[in-house]
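Participant: My structure is in work-v1.cif, and what it holds is mmCIF, C-alpha atoms:
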data_coords
loop_
_atom_site.label_atom_id
_atom_site.label_comp_id
_atom_site.auth_asym_id
_atom_site.auth_seq_id
_atom_site.Cartn_x
_atom_site.Cartn_y
_atom_site.Cartn_z
CA MET C 1 -53.64 -13.24 7.96
CA ALA C 2 -50.45 -12.63 6.05
CA PHE C 3 -50.47 -9.04 7.37
CA ARG C 4 -50.74 -10.26 10.93
CA HIS C 5 -47.90 -12.66 10.32
CA THR C 6 -45.78 -9.75 9.05
CA MET C 7 -46.71 -7.74 12.12
CA LYS C 8 -45.66 -10.59 14.38
CA GLY C 9 -42.42 -10.86 12.47
CA ARG C 10 -41.76 -7.19 13.05
CA THR C 11 -42.68 -7.55 16.70
CA VAL C 12 -40.13 -10.33 17.00
CA LEU C 13 -37.51 -8.17 15.31
CA THR C 14 -38.36 -5.32 17.66
CA ALA C 15 -37.98 -7.64 20.65
CA VAL C 16 -34.58 -8.75 19.34
CA ALA C 17 -33.54 -5.13 18.88
CA ILE C 18 -34.69 -4.28 22.38
CA THR C 19 -32.79 -7.15 23.95
CA SER C 20 -29.66 -6.28 22.01
CA GLY C 21 -29.19 -2.74 23.26
CA LEU C 22 -32.29 -0.59 23.21
CA VAL C 23 -33.38 -1.46 26.74
CA LEU C 24 -32.77 2.15 27.83
CA THR C 25 -35.15 3.39 25.15
CA VAL C 26 -37.88 1.04 26.32
CA ALA C 27 -37.28 1.85 29.99
CA GLY C 28 -37.39 5.57 29.24
CA CYS C 29 -40.61 5.25 27.26
CA GLY C 30 -42.42 2.83 29.58
CA GLY C 31 -46.05 3.60 30.07
CA GLY C 32 -49.55 2.19 30.06
CA GLY C 33 -50.58 2.36 26.40
CA ASP C 34 -47.27 2.98 24.65
CA GLY C 35 -46.84 -0.71 23.86
CA ASP C 36 -49.94 -0.71 21.61
CA GLU C 37 -48.90 2.20 19.39
CA PRO C 38 -45.88 0.53 17.72
CA ASP C 39 -48.11 -2.42 16.65
CA LYS C 40 -50.54 -0.05 14.88
CA ASN C 41 -47.80 1.64 12.88
CA ALA C 42 -45.16 -1.03 12.68
CA SER C 43 -43.61 0.31 9.48
CA SER C 44 -43.10 3.77 11.01
CA SER C 45 -42.18 2.53 14.50
CA SER C 46 -38.84 1.08 13.44
CA PRO C 47 -37.45 4.42 12.18
CA ALA C 48 -38.95 6.17 15.20
CA LYS C 49 -37.14 3.81 17.53
CA THR C 50 -33.90 4.30 15.62
CA GLU C 51 -34.29 8.05 15.90
CA GLY C 52 -35.25 7.70 19.55
CA SER C 53 -32.15 5.64 20.28
CA ASP C 54 -30.02 8.29 18.58
CA ASP C 55 -31.70 10.92 20.76
CA LYS C 56 -30.92 8.85 23.85
CA GLN C 57 -27.28 8.60 22.82
CA GLU C 58 -27.15 12.34 22.25
CA SER C 59 -28.71 12.96 25.65
CA GLN C 60 -25.96 10.87 27.25
CA ASP C 61 -23.23 12.82 25.46
CA PRO C 62 -24.06 16.33 26.75
CA GLY C 63 -22.42 15.55 30.12
CA PRO C 64 -19.07 17.00 28.98
CA GLU C 65 -20.89 19.80 27.10
CA GLN C 66 -22.61 20.84 30.32
CA ALA C 67 -19.26 21.39 32.04
CA LEU C 68 -18.86 24.66 33.92
CA ALA C 69 -15.34 25.12 32.60
CA GLU C 70 -12.58 23.31 30.73
CA VAL C 71 -8.90 24.24 30.55
CA LYS C 72 -5.90 22.56 28.92
CA GLY C 73 -2.20 22.52 29.67
CA GLY C 74 0.73 20.10 29.52
CA GLY C 75 -1.29 17.51 27.63
CA LEU C 76 -3.99 17.49 30.33
CA THR C 77 -7.62 18.53 30.04
CA LEU C 78 -9.19 19.66 33.31
CA THR C 79 -12.97 19.85 33.32
CA VAL C 80 -15.04 21.34 36.16
CA THR C 81 -18.53 19.83 36.23
CA SER C 82 -19.89 21.30 39.47
CA ALA C 83 -19.05 23.85 42.16
CA THR C 84 -21.64 23.59 44.91
CA ARG C 85 -22.06 25.35 48.24
CA ASP C 86 -22.72 22.73 50.91
CA GLU C 87 -24.30 23.19 54.30
CA GLY C 88 -21.69 24.04 56.89
CA GLY C 89 -19.83 26.67 54.88
CA PHE C 90 -18.03 24.51 52.32
CA VAL C 91 -17.74 24.51 48.55
CA THR C 92 -17.26 21.17 46.81
CA VAL C 93 -15.77 21.36 43.32
CA GLU C 94 -15.91 18.26 41.11
CA GLY C 95 -14.77 17.36 37.63
CA THR C 96 -12.56 15.17 35.49
CA VAL C 97 -9.00 15.17 34.26
CA THR C 98 -8.02 13.55 30.96
CA ASN C 99 -4.41 12.62 30.37
CA GLY C 100 -3.51 13.30 26.75
CA SER C 101 0.20 13.72 27.45
CA GLY C 102 1.22 10.38 25.91
CA GLN C 103 2.68 9.10 29.18
CA PRO C 104 1.40 8.21 32.66
CA TRP C 105 0.64 11.21 34.88
CA VAL C 106 0.84 11.11 38.68
CA GLY C 107 -0.36 14.59 39.64
CA ALA C 108 2.75 15.44 41.68
CA ASP C 109 2.72 19.06 40.49
CA TRP C 110 -0.94 19.43 41.55
CA ARG C 111 -0.35 18.61 45.22
CA GLY C 112 1.00 22.07 46.10
CA ASP C 113 4.29 23.43 47.41
CA GLU C 114 3.59 23.37 51.15
CA SER C 115 5.59 20.76 53.04
CA GLU C 116 2.41 19.58 54.80
CA LEU C 117 0.87 18.67 51.44
CA VAL C 118 3.70 16.29 50.47
CA LYS C 119 1.93 13.59 52.52
CA ASN C 120 -0.94 13.66 50.01
CA GLY C 121 1.24 12.35 47.16
CA GLY C 122 -0.13 12.90 43.67
CA SER C 123 -3.37 14.73 44.38
CA ILE C 124 -5.33 17.89 43.73
CA ALA C 125 -4.36 19.23 47.18
CA GLY C 126 -2.66 22.30 45.71
CA ALA C 127 -5.86 23.61 44.10
CA SER C 128 -7.36 26.94 45.12
CA LEU C 129 -10.48 29.03 44.62
CA ILE C 130 -9.93 32.72 43.95
CA ASP C 131 -12.66 35.20 44.74
CA GLN C 132 -11.80 38.12 42.46
CA THR C 133 -14.52 40.32 43.96
CA GLY C 134 -13.51 39.76 47.58
CA LYS C 135 -9.82 39.49 46.62
CA LYS C 136 -9.35 36.27 48.61
CA LYS C 137 -7.76 32.92 47.86
CA TYR C 138 -9.24 29.75 49.42
CA LEU C 139 -7.09 26.63 49.80
CA VAL C 140 -8.27 23.00 49.85
CA LEU C 141 -9.49 21.95 53.30
CA ARG C 142 -7.35 19.51 55.31
CA ASP C 143 -7.82 17.31 58.32
CA THR C 144 -5.70 17.59 61.48
CA GLU C 145 -3.02 15.33 59.97
CA GLY C 146 -2.66 17.44 56.83
CA ARG C 147 -4.59 15.12 54.53
CA CYS C 148 -6.57 17.06 51.97
CA LEU C 149 -10.31 16.78 51.56
CA CYS C 150 -9.72 16.03 47.92
CA THR C 151 -8.89 13.34 45.39
CA ARG C 152 -5.56 11.54 45.53
CA PHE C 153 -4.49 10.09 42.20
CA THR C 154 -3.31 6.77 43.62
CA GLY C 155 -1.44 4.92 40.90
CA GLY C 156 -1.62 7.94 38.59
CA VAL C 157 -3.66 8.39 35.43
CA GLY C 158 -2.68 6.40 32.36
CA SER C 159 -2.16 7.99 28.97
CA GLY C 160 -5.53 8.55 27.30
CA ASP C 161 -7.44 7.87 30.53
CA THR C 162 -9.96 10.11 32.26
CA THR C 163 -10.56 10.11 35.99
CA GLU C 164 -12.90 12.02 38.28
CA TRP C 165 -11.73 14.33 41.05
CA PHE C 166 -13.16 16.50 43.83
CA ALA C 167 -11.85 19.13 46.24
CA GLN C 168 -13.49 20.93 49.18
CA PHE C 169 -12.84 24.54 50.12
CA PRO C 170 -14.11 27.06 52.68
CA ALA C 171 -17.05 28.87 51.11
CA PRO C 172 -16.63 32.50 50.05
CA PRO C 173 -19.31 35.00 51.18
CA GLU C 174 -22.89 34.38 50.01
CA ASP C 175 -22.80 37.30 47.57
CA THR C 176 -19.87 35.72 45.70
CA THR C 177 -21.37 33.73 42.85
CA LYS C 178 -18.30 33.24 40.64
CA VAL C 179 -14.77 32.06 41.46
CA ASP C 180 -11.64 30.99 39.60
CA PHE C 181 -10.52 27.39 40.16
CA GLN C 182 -6.77 26.93 39.72
CA VAL C 183 -4.36 24.04 40.19
CA GLY C 184 -0.72 23.49 39.25
CA ALA C 185 0.33 25.19 36.01
CA MET C 186 -3.17 24.89 34.53
CA PRO C 187 -4.87 28.14 33.52
CA PRO C 188 -7.58 29.39 35.91
CA ALA C 189 -11.09 28.11 35.20
CA SER C 190 -13.89 30.56 35.95
CA VAL C 191 -16.90 28.75 37.47
CA GLU C 192 -20.33 29.69 38.77
CA LEU C 193 -21.19 28.55 42.28
CA SER C 194 -24.50 26.76 42.78
CA GLU C 195 -26.43 26.16 45.99
CA GLY C 196 -26.56 22.63 47.37
CA GLU C 197 -29.87 20.98 48.19
#
Rewrite the coordinates I just gave you, this time as C-alpha cells.

Facilitator:
Amino acid sequence: MAFRHTMKGRTVLTAVAITSGLVLTVAGCGGGGDGDEPDKNASSSSPAKTEGSDDKQESQDPGPEQALAEVKGGGLTLTVTSATRDEGGFVTVEGTVTNGSGQPWVGADWRGDESELVKNGGSIAGASLIDQTGKKKYLVLRDTEGRCLCTRFTGGVGSGDTTEWFAQFPAPPEDTTKVDFQVGAMPPASVELSEGE
C-alpha cells in the first residue's frame, strides 16, 4: 500500500509538471496506451519526460537553423526561410530581419531607388532576385499604384527586435533552381527555390 501511495504521489507531481509547462510534451505523445506506461516505471518516467521536454525544446529551436540563407550587414541580420514558386508564375521569398544595430531601424534604404517605390516607405520593395544562370534580375512585383507586393516596416524595427518579411517576384524559368536574393547594402544570399503545393 505504501508503494501505491508513492506512485500516486508521483502521479500528482507529474500532473503538476504537466500543467506547469509540459502540455506540449503530453499533446505530442498522446495515444491510447501511453498513459499506462509511466505508471509502471514511475521512477524512470520522470527523467524520460525531462529528456523529452528538452528534445521538444530543441525541435522548436531548429527553425533558424533550417534557414536557406543568412547574411549580416550594418548591424542587421537578414534570414531567408523560404523561396517558393507559386502557381501563376510567382516566387514568394520569406524570412526575418533582426535589428542588432543598437538603434531603431526603419528600412528606408531597403525600399529601392526608383521614385515609384518612395510611396512604400520603409519596406523591402528594393529587393531583387538574380538568376546567375539566365543572367536576369527580377524586381519585387507591384500593383498598378506602385505599391510593392512585399512587407512594409510600418513603425520600423526596434533595437534587438526581429520581424518577419516577405516579397513576391516574377518566377525565373523552371530550370532555374537557385537565385541570389539581394536588398539594400546587404550581401547577396544564395537560396534554393522550392515548388509550392

Participant: Name the residues in contact with range 164-175 of chain C at a cut-off of 10 Å, using all atoms listed in the file, excluding same-chain residues fewer than 6 positions from it; report them as a PyMOL selection string.

Facilitator: chain C and resi 78-98+123-131+133-134+136-142+148-153+193+195

Participant: Report the distance between CA of Pro187 in chain C and CA of Lys72 in chain C in Å, rounded to one decimal place.

Facilitator: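 So the answer is 7.3 Å.
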
Participant: Apply the PyMOL selection byres ((chain C and resi 69) around 8) to the structure shown and report the selected residues as number ranges by chain.

Facilitator: C: 67-68, 70-71, 79-81, 189-191

Participant: Can you tell me how far CA of Lys135 in chain C sits from CA of Pro188 in chain C, in Å to one decimal?

Facilitator: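 Result for CA of Lys135 in chain C versus CA of Pro188 in chain C: 14.9 Å, one decimal.
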
Participant: Which residues would end up in the selection if the PyMOL selection byres ((chain C and resi 119) around 12) were applied here, given that I need the answer as a PyMOL selection string?

Facilitator: chain C and resi 108+111-118+120-123+125-126+142-143+145-148+152

Participant: Closest to Gln132 in chain C among C:Thr162, C:Ser194, C:Thr177, C:Gln103, using only C-alpha atoms?

Facilitator: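 Of all the options, C:Thr177 lies closest to Gln132 in chain C.
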
Participant: List the neighbours of Gly158 in chain C out to 8 Å using only C-alpha atoms; skip same-chain residues closer than 6 positions along the sequence, and give me the result as a ChimeraX atom specification.

Facilitator: /C:99,103-105

Participant: What separation in Å, quoted to one decimal, exists between CA of Val157 in chain C and CA of Gln66 in chain C?

Facilitator: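 Atom-to-atom, CA of Val157 in chain C to CA of Gln66 in chain C, that is 23.2 Å.
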
Participant: Can you list, as number ranges by chain, the residues that the PyMOL selection byres ((chain C and resi 160) around 6) selects here?

Facilitator: C: 99-100, 159, 161

Participant: Using the file's own x, y and z axes, what box holds all listed atoms of range 143-155 of chain C with 8 Å on each side, keeping edges along x, y and z, and what are its centre and edge lengths in Å to one decimal, as JSON?

Facilitator:
{"center_x": -5.9, "center_y": 11.3, "center_z": 51.2, "size_x": 24.9, "size_y": 28.7, "size_z": 36.6}

Participant: Saving range 145-179 of chain C with N, CA, C and O atoms, as a PDB file, in the first residue's frame, what would that file be?

Facilitator:
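Saved file result_34.pdb follows:
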ATOM      1  N   GLU C 145      -0.675  50.950 -58.601  1.00  0.00           N
ATOM      2  CA  GLU C 145      -0.387  52.220 -57.937  1.00  0.00           C
ATOM      3  C   GLU C 145       1.046  52.276 -57.406  1.00  0.00           C
ATOM      4  O   GLU C 145       1.403  53.190 -56.663  1.00  0.00           O
ATOM      5  N   GLY C 146       1.851  51.273 -57.756  1.00  0.00           N
ATOM      6  CA  GLY C 146       3.246  51.273 -57.349  1.00  0.00           C
ATOM      7  C   GLY C 146       3.517  50.706 -55.976  1.00  0.00           C
ATOM      8  O   GLY C 146       4.635  50.776 -55.482  1.00  0.00           O
ATOM      9  N   ARG C 147       2.491  50.140 -55.341  1.00  0.00           N
ATOM     10  CA  ARG C 147       2.706  49.522 -54.027  1.00  0.00           C
ATOM     11  C   ARG C 147       3.289  48.132 -54.227  1.00  0.00           C
ATOM     12  O   ARG C 147       2.793  47.345 -55.040  1.00  0.00           O
ATOM     13  N   CYS C 148       4.331  47.856 -53.474  1.00  0.00           N
ATOM     14  CA  CYS C 148       5.006  46.564 -53.642  1.00  0.00           C
ATOM     15  C   CYS C 148       4.176  45.427 -53.060  1.00  0.00           C
ATOM     16  O   CYS C 148       3.393  45.630 -52.138  1.00  0.00           O
ATOM     17  N   LEU C 149       4.376  44.246 -53.623  1.00  0.00           N
ATOM     18  CA  LEU C 149       3.811  43.036 -53.035  1.00  0.00           C
ATOM     19  C   LEU C 149       4.886  42.504 -52.081  1.00  0.00           C
ATOM     20  O   LEU C 149       5.608  41.553 -52.375  1.00  0.00           O
ATOM     21  N   CYS C 150       5.007  43.213 -50.980  1.00  0.00           N
ATOM     22  CA  CYS C 150       6.078  42.929 -50.032  1.00  0.00           C
ATOM     23  C   CYS C 150       5.740  43.535 -48.681  1.00  0.00           C
ATOM     24  O   CYS C 150       4.748  44.244 -48.544  1.00  0.00           O
ATOM     25  N   THR C 151       6.596  43.277 -47.718  1.00  0.00           N
ATOM     26  CA  THR C 151       6.420  43.808 -46.364  1.00  0.00           C
ATOM     27  C   THR C 151       6.834  45.265 -46.294  1.00  0.00           C
ATOM     28  O   THR C 151       7.848  45.657 -46.845  1.00  0.00           O
ATOM     29  N   ARG C 152       6.002  46.052 -45.600  1.00  0.00           N
ATOM     30  CA  ARG C 152       6.356  47.424 -45.253  1.00  0.00           C
ATOM     31  C   ARG C 152       6.626  47.438 -43.758  1.00  0.00           C
ATOM     32  O   ARG C 152       5.823  46.935 -42.981  1.00  0.00           O
ATOM     33  N   PHE C 153       7.748  48.003 -43.373  1.00  0.00           N
ATOM     34  CA  PHE C 153       8.131  48.018 -41.958  1.00  0.00           C
ATOM     35  C   PHE C 153       7.511  49.227 -41.268  1.00  0.00           C
ATOM     36  O   PHE C 153       8.210  50.150 -40.834  1.00  0.00           O
ATOM     37  N   THR C 154       6.200  49.219 -41.150  1.00  0.00           N
ATOM     38  CA  THR C 154       5.468  50.323 -40.534  1.00  0.00           C
ATOM     39  C   THR C 154       5.901  50.484 -39.085  1.00  0.00           C
ATOM     40  O   THR C 154       5.832  49.548 -38.299  1.00  0.00           O
ATOM     41  N   GLY C 155       6.376  51.659 -38.740  1.00  0.00           N
ATOM     42  CA  GLY C 155       6.837  51.915 -37.383  1.00  0.00           C
ATOM     43  C   GLY C 155       8.273  51.468 -37.144  1.00  0.00           C
ATOM     44  O   GLY C 155       8.821  51.671 -36.075  1.00  0.00           O
ATOM     45  N   GLY C 156       8.892  50.840 -38.147  1.00  0.00           N
ATOM     46  CA  GLY C 156      10.286  50.410 -38.017  1.00  0.00           C
ATOM     47  C   GLY C 156      10.445  49.154 -37.178  1.00  0.00           C
ATOM     48  O   GLY C 156       9.476  48.530 -36.757  1.00  0.00           O
ATOM     49  N   VAL C 157      11.691  48.813 -36.934  1.00  0.00           N
ATOM     50  CA  VAL C 157      12.047  47.641 -36.134  1.00  0.00           C
ATOM     51  C   VAL C 157      12.947  48.116 -35.006  1.00  0.00           C
ATOM     52  O   VAL C 157      13.994  48.719 -35.253  1.00  0.00           O
ATOM     53  N   GLY C 158      12.509  47.892 -33.781  1.00  0.00           N
ATOM     54  CA  GLY C 158      13.263  48.355 -32.623  1.00  0.00           C
ATOM     55  C   GLY C 158      14.591  47.629 -32.469  1.00  0.00           C
ATOM     56  O   GLY C 158      14.788  46.521 -32.979  1.00  0.00           O
ATOM     57  N   SER C 159      15.497  48.236 -31.749  1.00  0.00           N
ATOM     58  CA  SER C 159      16.799  47.631 -31.493  1.00  0.00           C
ATOM     59  C   SER C 159      16.621  46.308 -30.751  1.00  0.00           C
ATOM     60  O   SER C 159      15.906  46.239 -29.758  1.00  0.00           O
ATOM     61  N   GLY C 160      17.232  45.260 -31.265  1.00  0.00           N
ATOM     62  CA  GLY C 160      17.127  43.935 -30.657  1.00  0.00           C
ATOM     63  C   GLY C 160      15.909  43.147 -31.092  1.00  0.00           C
ATOM     64  O   GLY C 160      15.775  41.982 -30.737  1.00  0.00           O
ATOM     65  N   ASP C 161      15.016  43.768 -31.865  1.00  0.00           N
ATOM     66  CA  ASP C 161      13.795  43.085 -32.290  1.00  0.00           C
ATOM     67  C   ASP C 161      13.999  42.332 -33.600  1.00  0.00           C
ATOM     68  O   ASP C 161      14.854  42.669 -34.410  1.00  0.00           O
ATOM     69  N   THR C 162      13.155  41.329 -33.788  1.00  0.00           N
ATOM     70  CA  THR C 162      13.124  40.548 -35.026  1.00  0.00           C
ATOM     71  C   THR C 162      11.729  40.632 -35.596  1.00  0.00           C
ATOM     72  O   THR C 162      10.738  40.536 -34.854  1.00  0.00           O
ATOM     73  N   THR C 163      11.634  40.838 -36.896  1.00  0.00           N
ATOM     74  CA  THR C 163      10.323  40.864 -37.550  1.00  0.00           C
ATOM     75  C   THR C 163      10.372  40.040 -38.827  1.00  0.00           C
ATOM     76  O   THR C 163      11.426  39.867 -39.431  1.00  0.00           O
ATOM     77  N   GLU C 164       9.213  39.518 -39.215  1.00  0.00           N
ATOM     78  CA  GLU C 164       9.118  38.716 -40.431  1.00  0.00           C
ATOM     79  C   GLU C 164       8.901  39.621 -41.640  1.00  0.00           C
ATOM     80  O   GLU C 164       8.382  40.733 -41.510  1.00  0.00           O
ATOM     81  N   TRP C 165       9.286  39.134 -42.809  1.00  0.00           N
ATOM     82  CA  TRP C 165       9.067  39.866 -44.049  1.00  0.00           C
ATOM     83  C   TRP C 165       8.768  38.878 -45.175  1.00  0.00           C
ATOM     84  O   TRP C 165       9.033  37.682 -45.051  1.00  0.00           O
ATOM     85  N   PHE C 166       8.199  39.408 -46.262  1.00  0.00           N
ATOM     86  CA  PHE C 166       8.005  38.621 -47.481  1.00  0.00           C
ATOM     87  C   PHE C 166       8.134  39.548 -48.674  1.00  0.00           C
ATOM     88  O   PHE C 166       7.989  40.765 -48.573  1.00  0.00           O
ATOM     89  N   ALA C 167       8.409  38.972 -49.827  1.00  0.00           N
ATOM     90  CA  ALA C 167       8.443  39.726 -51.086  1.00  0.00           C
ATOM     91  C   ALA C 167       8.111  38.756 -52.215  1.00  0.00           C
ATOM     92  O   ALA C 167       8.528  37.602 -52.184  1.00  0.00           O
ATOM     93  N   GLN C 168       7.331  39.242 -53.206  1.00  0.00           N
ATOM     94  CA  GLN C 168       6.965  38.415 -54.351  1.00  0.00           C
ATOM     95  C   GLN C 168       7.627  38.938 -55.613  1.00  0.00           C
ATOM     96  O   GLN C 168       7.699  40.151 -55.827  1.00  0.00           O
ATOM     97  N   PHE C 169       8.077  38.003 -56.429  1.00  0.00           N
ATOM     98  CA  PHE C 169       8.807  38.307 -57.657  1.00  0.00           C
ATOM     99  C   PHE C 169       8.222  37.499 -58.810  1.00  0.00           C
ATOM    100  O   PHE C 169       7.611  36.451 -58.594  1.00  0.00           O
ATOM    101  N   PRO C 170       8.476  37.949 -60.065  1.00  0.00           N
ATOM    102  CA  PRO C 170       8.179  37.066 -61.197  1.00  0.00           C
ATOM    103  C   PRO C 170       9.098  35.846 -61.090  1.00  0.00           C
ATOM    104  O   PRO C 170      10.238  35.961 -60.636  1.00  0.00           O
ATOM    105  N   ALA C 171       8.584  34.698 -61.473  1.00  0.00           N
ATOM    106  CA  ALA C 171       9.388  33.476 -61.365  1.00  0.00           C
ATOM    107  C   ALA C 171      10.368  33.359 -62.524  1.00  0.00           C
ATOM    108  O   ALA C 171      10.014  33.614 -63.670  1.00  0.00           O
ATOM    109  N   PRO C 172      11.609  32.969 -62.226  1.00  0.00           N
ATOM    110  CA  PRO C 172      12.547  32.670 -63.310  1.00  0.00           C
ATOM    111  C   PRO C 172      12.131  31.370 -64.008  1.00  0.00           C
ATOM    112  O   PRO C 172      11.223  30.676 -63.535  1.00  0.00           O
ATOM    113  N   PRO C 173      12.772  31.013 -65.110  1.00  0.00           N
ATOM    114  CA  PRO C 173      12.404  29.780 -65.822  1.00  0.00           C
ATOM    115  C   PRO C 173      12.470  28.550 -64.912  1.00  0.00           C
ATOM    116  O   PRO C 173      13.196  28.528 -63.917  1.00  0.00           O
ATOM    117  N   GLU C 174      11.693  27.527 -65.264  1.00  0.00           N
ATOM    118  CA  GLU C 174      11.576  26.313 -64.461  1.00  0.00           C
ATOM    119  C   GLU C 174      12.924  25.641 -64.189  1.00  0.00           C
ATOM    120  O   GLU C 174      13.122  25.039 -63.147  1.00  0.00           O
ATOM    121  N   ASP C 175      13.852  25.738 -65.140  1.00  0.00           N
ATOM    122  CA  ASP C 175      15.132  25.059 -64.940  1.00  0.00           C
ATOM    123  C   ASP C 175      16.081  25.827 -64.018  1.00  0.00           C
ATOM    124  O   ASP C 175      17.155  25.347 -63.675  1.00  0.00           O
ATOM    125  N   THR C 176      15.672  27.019 -63.583  1.00  0.00           N
ATOM    126  CA  THR C 176      16.464  27.776 -62.605  1.00  0.00           C
ATOM    127  C   THR C 176      16.047  27.327 -61.217  1.00  0.00           C
ATOM    128  O   THR C 176      14.898  27.495 -60.816  1.00  0.00           O
ATOM    129  N   THR C 177      16.968  26.740 -60.492  1.00  0.00           N
ATOM    130  CA  THR C 177      16.656  26.215 -59.164  1.00  0.00           C
ATOM    131  C   THR C 177      17.323  27.013 -58.047  1.00  0.00           C
ATOM    132  O   THR C 177      17.006  26.825 -56.882  1.00  0.00           O
ATOM    133  N   LYS C 178      18.238  27.914 -58.406  1.00  0.00           N
ATOM    134  CA  LYS C 178      18.956  28.695 -57.396  1.00  0.00           C
ATOM    135  C   LYS C 178      19.031  30.143 -57.850  1.00  0.00           C
ATOM    136  O   LYS C 178      19.286  30.416 -59.022  1.00  0.00           O
ATOM    137  N   VAL C 179      18.802  31.067 -56.912  1.00  0.00           N
ATOM    138  CA  VAL C 179      18.880  32.500 -57.205  1.00  0.00           C
ATOM    139  C   VAL C 179      19.596  33.197 -56.051  1.00  0.00           C
ATOM    140  O   VAL C 179      19.735  32.641 -54.963  1.00  0.00           O
TER     141      VAL C 179
END
